[in-house]
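final_33.cif (mmCIF, N, CA and C atoms)
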```cif
data_work
#
loop_
_atom_site.label_atom_id
_atom_site.label_comp_id
_atom_site.auth_asym_id
_atom_site.auth_seq_id
_atom_site.Cartn_x
_atom_site.Cartn_y
_atom_site.Cartn_z
N GLN A 11 103.67 37.63 131.15
CA GLN A 11 102.74 38.56 131.77
C GLN A 11 101.94 37.83 132.84
N VAL A 12 101.91 38.42 134.04
CA VAL A 12 101.18 37.81 135.14
C VAL A 12 99.69 38.14 135.02
N GLN A 13 98.89 37.10 135.19
CA GLN A 13 97.43 37.29 135.19
C GLN A 13 96.83 36.56 136.37
N LEU A 14 95.97 37.25 137.09
CA LEU A 14 95.21 36.66 138.19
C LEU A 14 93.74 36.97 137.92
N VAL A 15 92.94 35.94 137.76
CA VAL A 15 91.54 36.13 137.39
C VAL A 15 90.66 35.41 138.40
N GLU A 16 89.87 36.20 139.13
CA GLU A 16 88.98 35.64 140.15
C GLU A 16 87.64 35.27 139.55
N SER A 17 86.99 34.32 140.19
CA SER A 17 85.63 33.94 139.81
C SER A 17 84.95 33.30 141.01
N GLY A 18 83.62 33.16 140.92
CA GLY A 18 82.89 32.43 141.94
C GLY A 18 82.18 33.28 142.97
N GLY A 19 82.29 34.59 142.89
CA GLY A 19 81.58 35.42 143.84
C GLY A 19 80.08 35.39 143.59
N GLY A 20 79.32 35.98 144.52
CA GLY A 20 77.88 36.01 144.34
C GLY A 20 77.17 36.34 145.62
N LEU A 21 75.87 36.07 145.62
CA LEU A 21 75.01 36.35 146.77
C LEU A 21 74.73 35.06 147.51
N VAL A 22 74.89 35.09 148.82
CA VAL A 22 74.66 33.90 149.64
C VAL A 22 74.01 34.33 150.95
N GLN A 23 73.24 33.44 151.53
CA GLN A 23 72.57 33.76 152.79
C GLN A 23 73.50 33.54 153.98
N VAL A 24 73.17 34.18 155.06
CA VAL A 24 73.92 34.01 156.30
C VAL A 24 73.98 32.52 156.66
N GLY A 25 75.17 32.08 157.03
CA GLY A 25 75.37 30.69 157.38
C GLY A 25 75.71 29.79 156.21
N GLY A 26 75.61 30.33 155.02
CA GLY A 26 75.88 29.54 153.82
C GLY A 26 77.35 29.45 153.49
N SER A 27 77.63 28.81 152.36
CA SER A 27 79.00 28.59 151.91
C SER A 27 79.18 29.08 150.48
N LEU A 28 80.42 29.41 150.16
CA LEU A 28 80.76 29.86 148.81
C LEU A 28 82.23 29.57 148.60
N ARG A 29 82.59 29.24 147.37
CA ARG A 29 84.00 29.07 147.05
C ARG A 29 84.37 30.00 145.91
N VAL A 30 85.41 30.80 146.13
CA VAL A 30 85.93 31.66 145.07
C VAL A 30 87.25 31.09 144.58
N SER A 31 87.53 31.34 143.30
CA SER A 31 88.71 30.78 142.66
C SER A 31 89.55 31.88 142.04
N CYS A 32 90.84 31.61 141.93
CA CYS A 32 91.76 32.54 141.28
C CYS A 32 92.63 31.75 140.32
N ALA A 33 92.44 31.96 139.04
CA ALA A 33 93.26 31.31 138.02
C ALA A 33 94.49 32.18 137.77
N ALA A 34 95.66 31.60 137.98
CA ALA A 34 96.91 32.36 137.89
C ALA A 34 97.75 31.90 136.70
N ALA A 35 98.46 32.85 136.12
CA ALA A 35 99.35 32.54 135.01
C ALA A 35 100.53 33.50 135.03
N GLY A 36 101.66 33.04 134.48
CA GLY A 36 102.81 33.92 134.33
C GLY A 36 103.72 34.00 135.53
N LEU A 37 103.53 33.14 136.53
CA LEU A 37 104.36 33.17 137.73
C LEU A 37 105.25 31.93 137.81
N THR A 38 106.39 32.09 138.47
CA THR A 38 107.17 30.92 138.90
C THR A 38 106.60 30.55 140.26
N PHE A 39 105.61 29.69 140.24
CA PHE A 39 104.73 29.54 141.40
C PHE A 39 105.45 29.19 142.68
N ASN A 40 106.45 28.34 142.63
CA ASN A 40 107.11 27.92 143.86
C ASN A 40 107.82 29.07 144.58
N ASN A 41 107.95 30.20 143.94
CA ASN A 41 108.59 31.36 144.57
C ASN A 41 107.59 32.33 145.17
N TYR A 42 106.31 31.95 145.17
CA TYR A 42 105.28 32.92 145.55
C TYR A 42 104.37 32.43 146.66
N PHE A 43 103.85 33.40 147.40
CA PHE A 43 102.70 33.23 148.26
C PHE A 43 101.49 33.73 147.47
N MET A 44 100.37 33.05 147.63
CA MET A 44 99.12 33.49 147.02
C MET A 44 98.15 33.86 148.12
N GLY A 45 97.61 35.06 148.04
CA GLY A 45 96.74 35.53 149.10
C GLY A 45 95.37 35.95 148.59
N TRP A 46 94.43 35.92 149.51
CA TRP A 46 93.10 36.49 149.27
C TRP A 46 92.94 37.68 150.22
N PHE A 47 92.59 38.81 149.64
CA PHE A 47 92.28 40.01 150.40
C PHE A 47 90.81 40.34 150.17
N ARG A 48 90.26 41.15 151.07
CA ARG A 48 88.90 41.63 150.86
C ARG A 48 88.80 43.09 151.27
N GLN A 49 87.87 43.79 150.61
CA GLN A 49 87.61 45.18 150.94
C GLN A 49 86.13 45.37 151.14
N PRO A 50 85.70 45.46 152.41
CA PRO A 50 84.29 45.73 152.69
C PRO A 50 83.93 47.15 152.27
N PRO A 51 82.66 47.44 152.07
CA PRO A 51 82.25 48.79 151.69
C PRO A 51 82.72 49.83 152.69
N GLY A 52 83.40 50.85 152.22
CA GLY A 52 83.84 51.94 153.08
C GLY A 52 85.02 51.63 153.98
N LYS A 53 85.65 50.48 153.78
CA LYS A 53 86.77 50.09 154.63
C LYS A 53 88.01 49.80 153.80
N GLU A 54 89.13 49.62 154.49
CA GLU A 54 90.37 49.32 153.79
C GLU A 54 90.45 47.83 153.44
N ARG A 55 91.26 47.55 152.44
CA ARG A 55 91.49 46.17 152.04
C ARG A 55 92.30 45.45 153.13
N GLU A 56 91.92 44.22 153.42
CA GLU A 56 92.55 43.46 154.48
C GLU A 56 92.83 42.04 154.02
N LEU A 57 93.88 41.45 154.59
CA LEU A 57 94.21 40.08 154.28
C LEU A 57 93.18 39.13 154.87
N VAL A 58 92.76 38.15 154.10
CA VAL A 58 91.86 37.10 154.57
C VAL A 58 92.66 35.83 154.83
N ALA A 59 93.44 35.42 153.84
CA ALA A 59 94.21 34.18 153.96
C ALA A 59 95.34 34.20 152.94
N THR A 60 96.39 33.46 153.24
CA THR A 60 97.50 33.35 152.31
C THR A 60 98.10 31.95 152.39
N ILE A 61 98.73 31.53 151.32
CA ILE A 61 99.29 30.19 151.26
C ILE A 61 100.61 30.22 150.51
N SER A 62 101.58 29.48 151.05
CA SER A 62 102.85 29.30 150.35
C SER A 62 102.65 28.26 149.27
N TRP A 63 102.93 28.65 148.02
CA TRP A 63 102.71 27.69 146.94
C TRP A 63 103.62 26.48 147.08
N SER A 64 104.83 26.67 147.54
CA SER A 64 105.81 25.57 147.55
C SER A 64 105.50 24.51 148.59
N ASP A 65 105.08 24.91 149.80
CA ASP A 65 104.86 23.89 150.83
C ASP A 65 103.46 23.90 151.42
N GLY A 66 102.60 24.80 150.95
CA GLY A 66 101.22 24.80 151.41
C GLY A 66 100.99 25.41 152.77
N TYR A 67 102.01 26.02 153.36
CA TYR A 67 101.83 26.65 154.67
C TYR A 67 100.86 27.81 154.54
N THR A 68 99.95 27.94 155.50
CA THR A 68 98.89 28.94 155.40
C THR A 68 98.87 29.90 156.58
N GLY A 69 98.22 31.02 156.35
CA GLY A 69 97.96 31.99 157.41
C GLY A 69 96.59 32.59 157.19
N TYR A 70 95.90 32.91 158.29
CA TYR A 70 94.53 33.42 158.21
C TYR A 70 94.36 34.65 159.10
N ALA A 71 93.40 35.47 158.71
CA ALA A 71 92.98 36.54 159.60
C ALA A 71 92.18 35.93 160.74
N ASP A 72 92.24 36.56 161.91
CA ASP A 72 91.51 36.03 163.07
C ASP A 72 90.01 35.93 162.78
N ALA A 73 89.49 36.87 162.01
CA ALA A 73 88.04 36.93 161.78
C ALA A 73 87.51 35.75 160.97
N VAL A 74 88.40 35.06 160.25
CA VAL A 74 87.94 33.96 159.39
C VAL A 74 88.51 32.60 159.81
N GLN A 75 89.42 32.60 160.78
CA GLN A 75 90.04 31.35 161.23
C GLN A 75 88.98 30.34 161.63
N GLY A 76 89.07 29.14 161.07
CA GLY A 76 88.11 28.10 161.39
C GLY A 76 86.89 28.08 160.49
N ARG A 77 86.67 29.15 159.71
CA ARG A 77 85.53 29.19 158.79
C ARG A 77 85.97 29.14 157.33
N PHE A 78 87.10 29.75 157.04
CA PHE A 78 87.60 29.82 155.67
C PHE A 78 88.81 28.90 155.51
N THR A 79 88.98 28.37 154.30
CA THR A 79 90.13 27.53 153.99
C THR A 79 90.70 27.92 152.64
N ILE A 80 91.99 28.20 152.61
CA ILE A 80 92.67 28.50 151.36
C ILE A 80 93.42 27.25 150.90
N SER A 81 93.41 27.03 149.59
CA SER A 81 94.11 25.88 149.04
C SER A 81 94.58 26.21 147.63
N ARG A 82 95.47 25.37 147.11
CA ARG A 82 95.92 25.59 145.73
C ARG A 82 95.98 24.27 145.00
N ASP A 83 95.79 24.35 143.67
CA ASP A 83 95.83 23.18 142.80
C ASP A 83 96.94 23.42 141.78
N ALA A 84 98.04 22.69 141.94
CA ALA A 84 99.17 22.89 141.05
C ALA A 84 98.88 22.46 139.61
N ALA A 85 97.96 21.53 139.44
CA ALA A 85 97.65 21.04 138.09
C ALA A 85 96.99 22.11 137.23
N THR A 86 96.22 22.99 137.88
CA THR A 86 95.50 24.02 137.13
C THR A 86 95.96 25.43 137.48
N ASN A 87 96.97 25.55 138.36
CA ASN A 87 97.45 26.87 138.78
C ASN A 87 96.33 27.74 139.32
N THR A 88 95.53 27.15 140.18
CA THR A 88 94.36 27.83 140.72
C THR A 88 94.44 27.84 142.24
N VAL A 89 94.04 28.97 142.81
CA VAL A 89 93.96 29.12 144.26
C VAL A 89 92.48 29.26 144.63
N PHE A 90 92.09 28.57 145.68
CA PHE A 90 90.69 28.58 146.11
C PHE A 90 90.58 29.18 147.50
N LEU A 91 89.43 29.76 147.75
CA LEU A 91 89.06 30.18 149.10
C LEU A 91 87.67 29.62 149.37
N GLN A 92 87.62 28.62 150.22
CA GLN A 92 86.35 28.04 150.63
C GLN A 92 85.87 28.79 151.85
N MET A 93 84.67 29.35 151.75
CA MET A 93 84.12 30.17 152.83
C MET A 93 82.87 29.50 153.37
N ASN A 94 82.90 29.16 154.64
CA ASN A 94 81.76 28.52 155.30
C ASN A 94 81.25 29.40 156.43
N LYS A 95 80.04 29.11 156.86
CA LYS A 95 79.41 29.85 157.96
C LYS A 95 79.53 31.36 157.73
N LEU A 96 79.13 31.79 156.56
CA LEU A 96 79.30 33.19 156.19
C LEU A 96 78.43 34.10 157.02
N LYS A 97 78.97 35.28 157.28
CA LYS A 97 78.31 36.30 158.09
C LYS A 97 78.13 37.57 157.25
N PRO A 98 77.21 38.43 157.63
CA PRO A 98 77.04 39.69 156.88
C PRO A 98 78.34 40.50 156.79
N GLU A 99 79.16 40.44 157.82
CA GLU A 99 80.42 41.20 157.81
C GLU A 99 81.46 40.62 156.86
N ASP A 100 81.18 39.48 156.27
CA ASP A 100 82.07 38.93 155.24
C ASP A 100 81.79 39.55 153.87
N THR A 101 80.75 40.35 153.77
CA THR A 101 80.43 41.03 152.52
C THR A 101 81.57 41.95 152.13
N ALA A 102 82.10 41.74 150.90
CA ALA A 102 83.27 42.51 150.46
C ALA A 102 83.59 42.16 149.01
N ASP A 103 84.48 42.96 148.46
CA ASP A 103 85.10 42.60 147.19
C ASP A 103 86.36 41.79 147.51
N TYR A 104 86.43 40.59 146.98
CA TYR A 104 87.53 39.67 147.28
C TYR A 104 88.51 39.64 146.11
N SER A 105 89.79 39.89 146.44
CA SER A 105 90.83 39.93 145.41
C SER A 105 91.91 38.91 145.70
N CYS A 106 92.42 38.35 144.65
CA CYS A 106 93.55 37.43 144.71
C CYS A 106 94.83 38.23 144.48
N ALA A 107 95.91 37.84 145.16
CA ALA A 107 97.17 38.56 145.00
C ALA A 107 98.35 37.60 145.14
N ALA A 108 99.47 37.98 144.55
CA ALA A 108 100.68 37.15 144.59
C ALA A 108 101.83 37.94 145.17
N ALA A 109 102.55 37.31 146.12
CA ALA A 109 103.70 37.95 146.76
C ALA A 109 104.93 37.09 146.54
N GLU A 110 105.95 37.67 145.95
CA GLU A 110 107.20 36.91 145.76
C GLU A 110 107.86 36.70 147.11
N SER A 111 108.30 35.48 147.33
CA SER A 111 108.97 35.16 148.59
C SER A 111 110.32 35.85 148.63
N ARG A 112 110.69 36.39 149.76
CA ARG A 112 111.97 37.03 149.95
C ARG A 112 112.92 36.09 150.68
N SER A 113 114.21 36.22 150.41
CA SER A 113 115.19 35.30 150.97
C SER A 113 115.28 35.42 152.49
N TYR A 114 114.87 36.56 153.03
CA TYR A 114 115.01 36.76 154.48
C TYR A 114 113.77 36.31 155.25
N TYR A 115 112.77 35.79 154.56
CA TYR A 115 111.60 35.28 155.26
C TYR A 115 112.01 34.03 156.05
N SER A 116 111.56 33.93 157.29
CA SER A 116 111.78 32.72 158.08
C SER A 116 110.86 31.62 157.57
N PRO A 117 111.15 30.36 157.92
CA PRO A 117 110.41 29.23 157.32
C PRO A 117 108.91 29.27 157.51
N ARG A 118 108.41 29.84 158.59
CA ARG A 118 106.97 29.84 158.83
C ARG A 118 106.39 31.25 158.76
N TYR A 119 107.06 32.11 158.07
CA TYR A 119 106.56 33.47 157.91
C TYR A 119 105.63 33.52 156.71
N VAL A 120 104.52 34.28 156.85
CA VAL A 120 103.65 34.55 155.71
C VAL A 120 103.45 36.05 155.59
N PRO A 121 103.49 36.58 154.39
CA PRO A 121 103.28 38.02 154.21
C PRO A 121 101.82 38.38 154.43
N ARG A 122 101.58 39.46 155.21
CA ARG A 122 100.22 39.85 155.55
C ARG A 122 99.89 41.28 155.12
N ARG A 123 100.87 42.06 154.75
CA ARG A 123 100.64 43.44 154.37
C ARG A 123 100.37 43.56 152.88
N ARG A 124 99.52 44.53 152.52
CA ARG A 124 99.21 44.74 151.10
C ARG A 124 100.45 45.07 150.29
N ASP A 125 101.36 45.85 150.89
CA ASP A 125 102.53 46.28 150.13
C ASP A 125 103.54 45.16 149.88
N GLN A 126 103.31 44.01 150.47
CA GLN A 126 104.18 42.86 150.22
C GLN A 126 103.73 42.07 148.99
N TYR A 127 102.59 42.41 148.45
CA TYR A 127 102.04 41.67 147.31
C TYR A 127 102.31 42.43 146.02
N ASP A 128 102.79 41.68 145.03
CA ASP A 128 103.30 42.30 143.81
C ASP A 128 102.27 42.35 142.68
N TYR A 129 101.35 41.41 142.67
CA TYR A 129 100.37 41.33 141.57
C TYR A 129 98.98 41.14 142.16
N TRP A 130 98.00 41.72 141.47
CA TRP A 130 96.62 41.70 141.97
C TRP A 130 95.66 41.36 140.84
N GLY A 131 94.58 40.66 141.22
CA GLY A 131 93.48 40.45 140.31
C GLY A 131 92.48 41.58 140.40
N GLN A 132 91.41 41.47 139.61
CA GLN A 132 90.40 42.53 139.55
C GLN A 132 89.37 42.44 140.66
N GLY A 133 89.21 41.27 141.24
CA GLY A 133 88.27 41.12 142.34
C GLY A 133 86.96 40.49 141.93
N THR A 134 86.29 39.91 142.93
CA THR A 134 84.95 39.34 142.74
C THR A 134 84.12 39.66 143.98
N GLN A 135 82.88 40.07 143.77
CA GLN A 135 82.04 40.53 144.86
C GLN A 135 81.37 39.36 145.57
N VAL A 136 81.43 39.38 146.89
CA VAL A 136 80.72 38.41 147.72
C VAL A 136 79.77 39.21 148.62
N THR A 137 78.49 38.85 148.56
CA THR A 137 77.49 39.53 149.37
C THR A 137 76.75 38.50 150.21
N VAL A 138 76.75 38.72 151.51
CA VAL A 138 76.08 37.82 152.44
C VAL A 138 74.84 38.53 152.95
N SER A 139 73.69 37.96 152.65
CA SER A 139 72.44 38.61 153.01
C SER A 139 71.84 37.99 154.26
N SER A 140 71.22 38.82 155.06
CA SER A 140 70.56 38.34 156.27
C SER A 140 69.05 38.39 156.09
#
```

Please go through the file and, once you have read it, give me the structure as C-alpha cells.
Amino acid sequence: QVQLVESGGGLVQVGGSLRVSCAAAGLTFNNYFMGWFRQPPGKERELVATISWSDGYTGYADAVQGRFTISRDAATNTVFLQMNKLKPEDTADYSCAAAESRSYYSPRYVPRRRDQYDYWGQGTQVTVSS
C-alpha cells in the first residue's frame, strides 16, 4: 500500500524559510518521480517542483525557480521541499505526489500535469504572512 505523508507546514513571515517533508512508503522508488504541488485558496492545484528518484533530475515552476529546492533522501524514503524567500502568494496547501515513470519519457522529461501523478498525500498548509 502506497503512503505519502506530508509534514512541516506552518506559518512563516514574508522573506522567511520553511521546509516541508514527505515520508513515502510502498513504492518502487527508482521507477517514480516525486512531486510537490500546491493549491492556493480559490485556485487550482499546480506543480511546484518534481524530482526523478533514480537520477535526481529536477523541474520547477517558474514562480519558484531559484527560491525553492526539491531533494530526496534514499535512506529514509523522504522527499523535501526547501522554501526560501517566501512570498504571500506562496500561501497554499502543499501536497506530495508520486508519478510512475513511463517508458516513452525522454531522458530529461519531467511530468508536470496533475493527471500524470498516481498517488497523493493529504497535504500540509503553508501560510506566509505579511

Contact check, stretch 11-73 of chain A to stretch 123-132 of chain A, at most 6.5 Å, counting only N, CA and C atoms, closest pairs as a Markdown table:
```
| residue | atom | partner | partner_atom | distance |
| --- | --- | --- | --- | --- |
| A:Gln13 | C | A:Gly131 | CA | 6.5 |
| A:Leu14 | C | A:Gly131 | CA | 4.2 |
| A:Val15 | N | A:Gly131 | CA | 5.2 |
| A:Glu16 | N | A:Gln132 | N | 5.5 |
```

Matched chain/residue IDs from the PyMOL selection byres (((chain A and resi 30-40 and name CA) around 10) and name CA), as a PyMOL selection string: chain A and resi 11-20+28-29+41-46+62-65+80-84+86-93+104-108+110-111+129+131+133-136

Residues in the PyMOL selection byres ((chain A and resi 97) around 6), expressed as a list in words: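 Residues picked by the PyMOL selection byres ((chain A and resi 97) around 6): Val24, Gly25, Lys95, Leu96, Pro98, Glu99, Asp100, Thr101 and Val138 of chain A.
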
Which of A:Thr137, A:Tyr119, A:Gln49, A:Asp103 sits closest to A:Tyr67 [using all atoms listed in the file]: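 So, comparing all the options, the nearest one is A:Tyr119.
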
Neighbourhood query: residues within 7 Å of (93.7, 42.1, 154.9), file coordinates, counting all atoms listed in the file; return as a tab-separated table (two decimals) with N, CA and C atoms, in the frame of the given file.
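Output file result_25.tsv follows:
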```tsv
chain	number	residue	atom	x	y	z
A	46	TRP	N	94.43	35.92	149.51
A	46	TRP	CA	93.10	36.49	149.27
A	46	TRP	C	92.94	37.68	150.22
A	47	PHE	N	92.59	38.81	149.64
A	47	PHE	CA	92.28	40.01	150.40
A	47	PHE	C	90.81	40.34	150.17
A	48	ARG	N	90.26	41.15	151.07
A	48	ARG	CA	88.90	41.63	150.86
A	48	ARG	C	88.80	43.09	151.27
A	54	GLU	N	89.13	49.62	154.49
A	54	GLU	CA	90.37	49.32	153.79
A	54	GLU	C	90.45	47.83	153.44
A	55	ARG	N	91.26	47.55	152.44
A	55	ARG	CA	91.49	46.17	152.04
A	55	ARG	C	92.30	45.45	153.13
A	56	GLU	N	91.92	44.22	153.42
A	56	GLU	CA	92.55	43.46	154.48
A	56	GLU	C	92.83	42.04	154.02
A	57	LEU	N	93.88	41.45	154.59
A	57	LEU	CA	94.21	40.08	154.28
A	57	LEU	C	93.18	39.13	154.87
A	58	VAL	N	92.76	38.15	154.10
A	58	VAL	CA	91.86	37.10	154.57
A	58	VAL	C	92.66	35.83	154.83
A	59	ALA	N	93.44	35.42	153.84
A	59	ALA	CA	94.21	34.18	153.96
A	59	ALA	C	95.34	34.20	152.94
A	122	ARG	N	101.58	39.46	155.21
A	122	ARG	CA	100.22	39.85	155.55
A	122	ARG	C	99.89	41.28	155.12
A	124	ARG	N	99.52	44.53	152.52
A	124	ARG	CA	99.21	44.74	151.10
A	124	ARG	C	100.45	45.07	150.29
```

What is the atom N of A:Ser140 to atom C of A:Gly26 distance in Å?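 Between these atoms lies a distance of 11.3 Å.
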
Can you tell me, as a PDB file with N, CA and C atoms, in the frame of the given file, which residues in chain A count as helix (DSSP H, G or I) by DSSP?
```pdb
ATOM      1  N   PHE A  39     105.610  29.690 140.240  1.00  0.00           N
ATOM      2  CA  PHE A  39     104.730  29.540 141.400  1.00  0.00           C
ATOM      3  C   PHE A  39     105.450  29.190 142.680  1.00  0.00           C
ATOM      4  N   ASN A  40     106.450  28.340 142.630  1.00  0.00           N
ATOM      5  CA  ASN A  40     107.110  27.920 143.860  1.00  0.00           C
ATOM      6  C   ASN A  40     107.820  29.070 144.580  1.00  0.00           C
ATOM      7  N   ASN A  41     107.950  30.200 143.940  1.00  0.00           N
ATOM      8  CA  ASN A  41     108.590  31.360 144.570  1.00  0.00           C
ATOM      9  C   ASN A  41     107.590  32.330 145.170  1.00  0.00           C
ATOM     10  N   PRO A  98      77.210  38.430 157.630  1.00  0.00           N
ATOM     11  CA  PRO A  98      77.040  39.690 156.880  1.00  0.00           C
ATOM     12  C   PRO A  98      78.340  40.500 156.790  1.00  0.00           C
ATOM     13  N   GLU A  99      79.160  40.440 157.820  1.00  0.00           N
ATOM     14  CA  GLU A  99      80.420  41.200 157.810  1.00  0.00           C
ATOM     15  C   GLU A  99      81.460  40.620 156.860  1.00  0.00           C
ATOM     16  N   ASP A 100      81.180  39.480 156.270  1.00  0.00           N
ATOM     17  CA  ASP A 100      82.070  38.930 155.240  1.00  0.00           C
ATOM     18  C   ASP A 100      81.790  39.550 153.870  1.00  0.00           C
ATOM     19  N   ARG A 124      99.520  44.530 152.520  1.00  0.00           N
ATOM     20  CA  ARG A 124      99.210  44.740 151.100  1.00  0.00           C
ATOM     21  C   ARG A 124     100.450  45.070 150.290  1.00  0.00           C
ATOM     22  N   ASP A 125     101.360  45.850 150.890  1.00  0.00           N
ATOM     23  CA  ASP A 125     102.530  46.280 150.130  1.00  0.00           C
ATOM     24  C   ASP A 125     103.540  45.160 149.880  1.00  0.00           C
ATOM     25  N   GLN A 126     103.310  44.010 150.470  1.00  0.00           N
ATOM     26  CA  GLN A 126     104.180  42.860 150.220  1.00  0.00           C
ATOM     27  C   GLN A 126     103.730  42.070 148.990  1.00  0.00           C
TER      28      GLN A 126
END
```

Would you compute the box with edges along x, y and z of the file around stretch 37-45 of chain A, including every atom the file lists for it and 3 Å extra on each side, and give its centre and edge lengths in Å to one decimal, as JSON?
```
{"center_x": 102.0, "center_y": 31.9, "center_z": 142.8, "size_x": 19.2, "size_y": 14.0, "size_z": 18.6}
```

Mind giving me the straight-line distance from atom CA of A:Pro121 to atom CA of A:Gly69 in Å, one decimal?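 Atom CA of A:Gly69 lies at a distance of 8.7 Å from atom CA of A:Pro121.
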
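Counting from atom N of A:Asp72, the distance to atom CA of A:Tyr114 is 24.0 Å.
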
Within chain A, find each residue whose DSSP state, derived from the backbone, is strand (DSSP E or B), and express the selection as a ChimeraX atom specification. /A:13-17,20-23,28-35,42-49,56-62,68-70,78-83,88-93,102-110,129-130,134-139

If you count all atoms listed in the file, the residue of A:Ala73, A:Ser113, A:Ile61, A:Ser139 closest to A:Val22 turns out to be A:Ser139

Would you fill the gaps in stretch 18-31 of chain A so it has N, CA, C and O atoms, then print it as a PDB file, in the frame of the given file?
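Written out: selection_22.pdb:
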```
ATOM      1  N   GLY A  18      83.620  33.160 140.920  1.00  0.00           N
ATOM      2  CA  GLY A  18      82.890  32.430 141.940  1.00  0.00           C
ATOM      3  C   GLY A  18      82.180  33.280 142.970  1.00  0.00           C
ATOM      4  O   GLY A  18      81.509  32.733 143.861  1.00  0.00           O
ATOM      5  N   GLY A  19      82.290  34.590 142.890  1.00  0.00           N
ATOM      6  CA  GLY A  19      81.580  35.420 143.840  1.00  0.00           C
ATOM      7  C   GLY A  19      80.080  35.390 143.590  1.00  0.00           C
ATOM      8  O   GLY A  19      79.610  34.846 142.581  1.00  0.00           O
ATOM      9  N   GLY A  20      79.320  35.980 144.520  1.00  0.00           N
ATOM     10  CA  GLY A  20      77.880  36.010 144.340  1.00  0.00           C
ATOM     11  C   GLY A  20      77.170  36.340 145.620  1.00  0.00           C
ATOM     12  O   GLY A  20      77.775  36.835 146.585  1.00  0.00           O
ATOM     13  N   LEU A  21      75.870  36.070 145.620  1.00  0.00           N
ATOM     14  CA  LEU A  21      75.010  36.350 146.770  1.00  0.00           C
ATOM     15  C   LEU A  21      74.730  35.060 147.510  1.00  0.00           C
ATOM     16  O   LEU A  21      74.367  34.048 146.906  1.00  0.00           O
ATOM     17  N   VAL A  22      74.890  35.090 148.820  1.00  0.00           N
ATOM     18  CA  VAL A  22      74.660  33.900 149.640  1.00  0.00           C
ATOM     19  C   VAL A  22      74.010  34.330 150.950  1.00  0.00           C
ATOM     20  O   VAL A  22      74.224  35.448 151.429  1.00  0.00           O
ATOM     21  N   GLN A  23      73.240  33.440 151.530  1.00  0.00           N
ATOM     22  CA  GLN A  23      72.570  33.760 152.790  1.00  0.00           C
ATOM     23  C   GLN A  23      73.500  33.540 153.980  1.00  0.00           C
ATOM     24  O   GLN A  23      74.463  32.766 153.899  1.00  0.00           O
ATOM     25  N   VAL A  24      73.170  34.180 155.060  1.00  0.00           N
ATOM     26  CA  VAL A  24      73.920  34.010 156.300  1.00  0.00           C
ATOM     27  C   VAL A  24      73.980  32.520 156.660  1.00  0.00           C
ATOM     28  O   VAL A  24      72.967  31.812 156.592  1.00  0.00           O
ATOM     29  N   GLY A  25      75.170  32.080 157.030  1.00  0.00           N
ATOM     30  CA  GLY A  25      75.370  30.690 157.380  1.00  0.00           C
ATOM     31  C   GLY A  25      75.710  29.790 156.210  1.00  0.00           C
ATOM     32  O   GLY A  25      76.061  28.622 156.408  1.00  0.00           O
ATOM     33  N   GLY A  26      75.610  30.330 155.020  1.00  0.00           N
ATOM     34  CA  GLY A  26      75.880  29.540 153.820  1.00  0.00           C
ATOM     35  C   GLY A  26      77.350  29.450 153.490  1.00  0.00           C
ATOM     36  O   GLY A  26      78.212  29.933 154.243  1.00  0.00           O
ATOM     37  N   SER A  27      77.630  28.810 152.360  1.00  0.00           N
ATOM     38  CA  SER A  27      79.000  28.590 151.910  1.00  0.00           C
ATOM     39  C   SER A  27      79.180  29.080 150.480  1.00  0.00           C
ATOM     40  O   SER A  27      78.217  29.113 149.702  1.00  0.00           O
ATOM     41  N   LEU A  28      80.420  29.410 150.160  1.00  0.00           N
ATOM     42  CA  LEU A  28      80.760  29.860 148.810  1.00  0.00           C
ATOM     43  C   LEU A  28      82.230  29.570 148.600  1.00  0.00           C
ATOM     44  O   LEU A  28      83.030  29.669 149.541  1.00  0.00           O
ATOM     45  N   ARG A  29      82.590  29.240 147.370  1.00  0.00           N
ATOM     46  CA  ARG A  29      84.000  29.070 147.050  1.00  0.00           C
ATOM     47  C   ARG A  29      84.370  30.000 145.910  1.00  0.00           C
ATOM     48  O   ARG A  29      83.723  29.997 144.853  1.00  0.00           O
ATOM     49  N   VAL A  30      85.410  30.800 146.130  1.00  0.00           N
ATOM     50  CA  VAL A  30      85.930  31.660 145.070  1.00  0.00           C
ATOM     51  C   VAL A  30      87.250  31.090 144.580  1.00  0.00           C
ATOM     52  O   VAL A  30      87.966  30.423 145.324  1.00  0.00           O
ATOM     53  N   SER A  31      87.530  31.340 143.300  1.00  0.00           N
ATOM     54  CA  SER A  31      88.710  30.780 142.660  1.00  0.00           C
ATOM     55  C   SER A  31      89.550  31.880 142.040  1.00  0.00           C
ATOM     56  O   SER A  31      89.024  32.935 141.661  1.00  0.00           O
TER      57      SER A  31
END
```
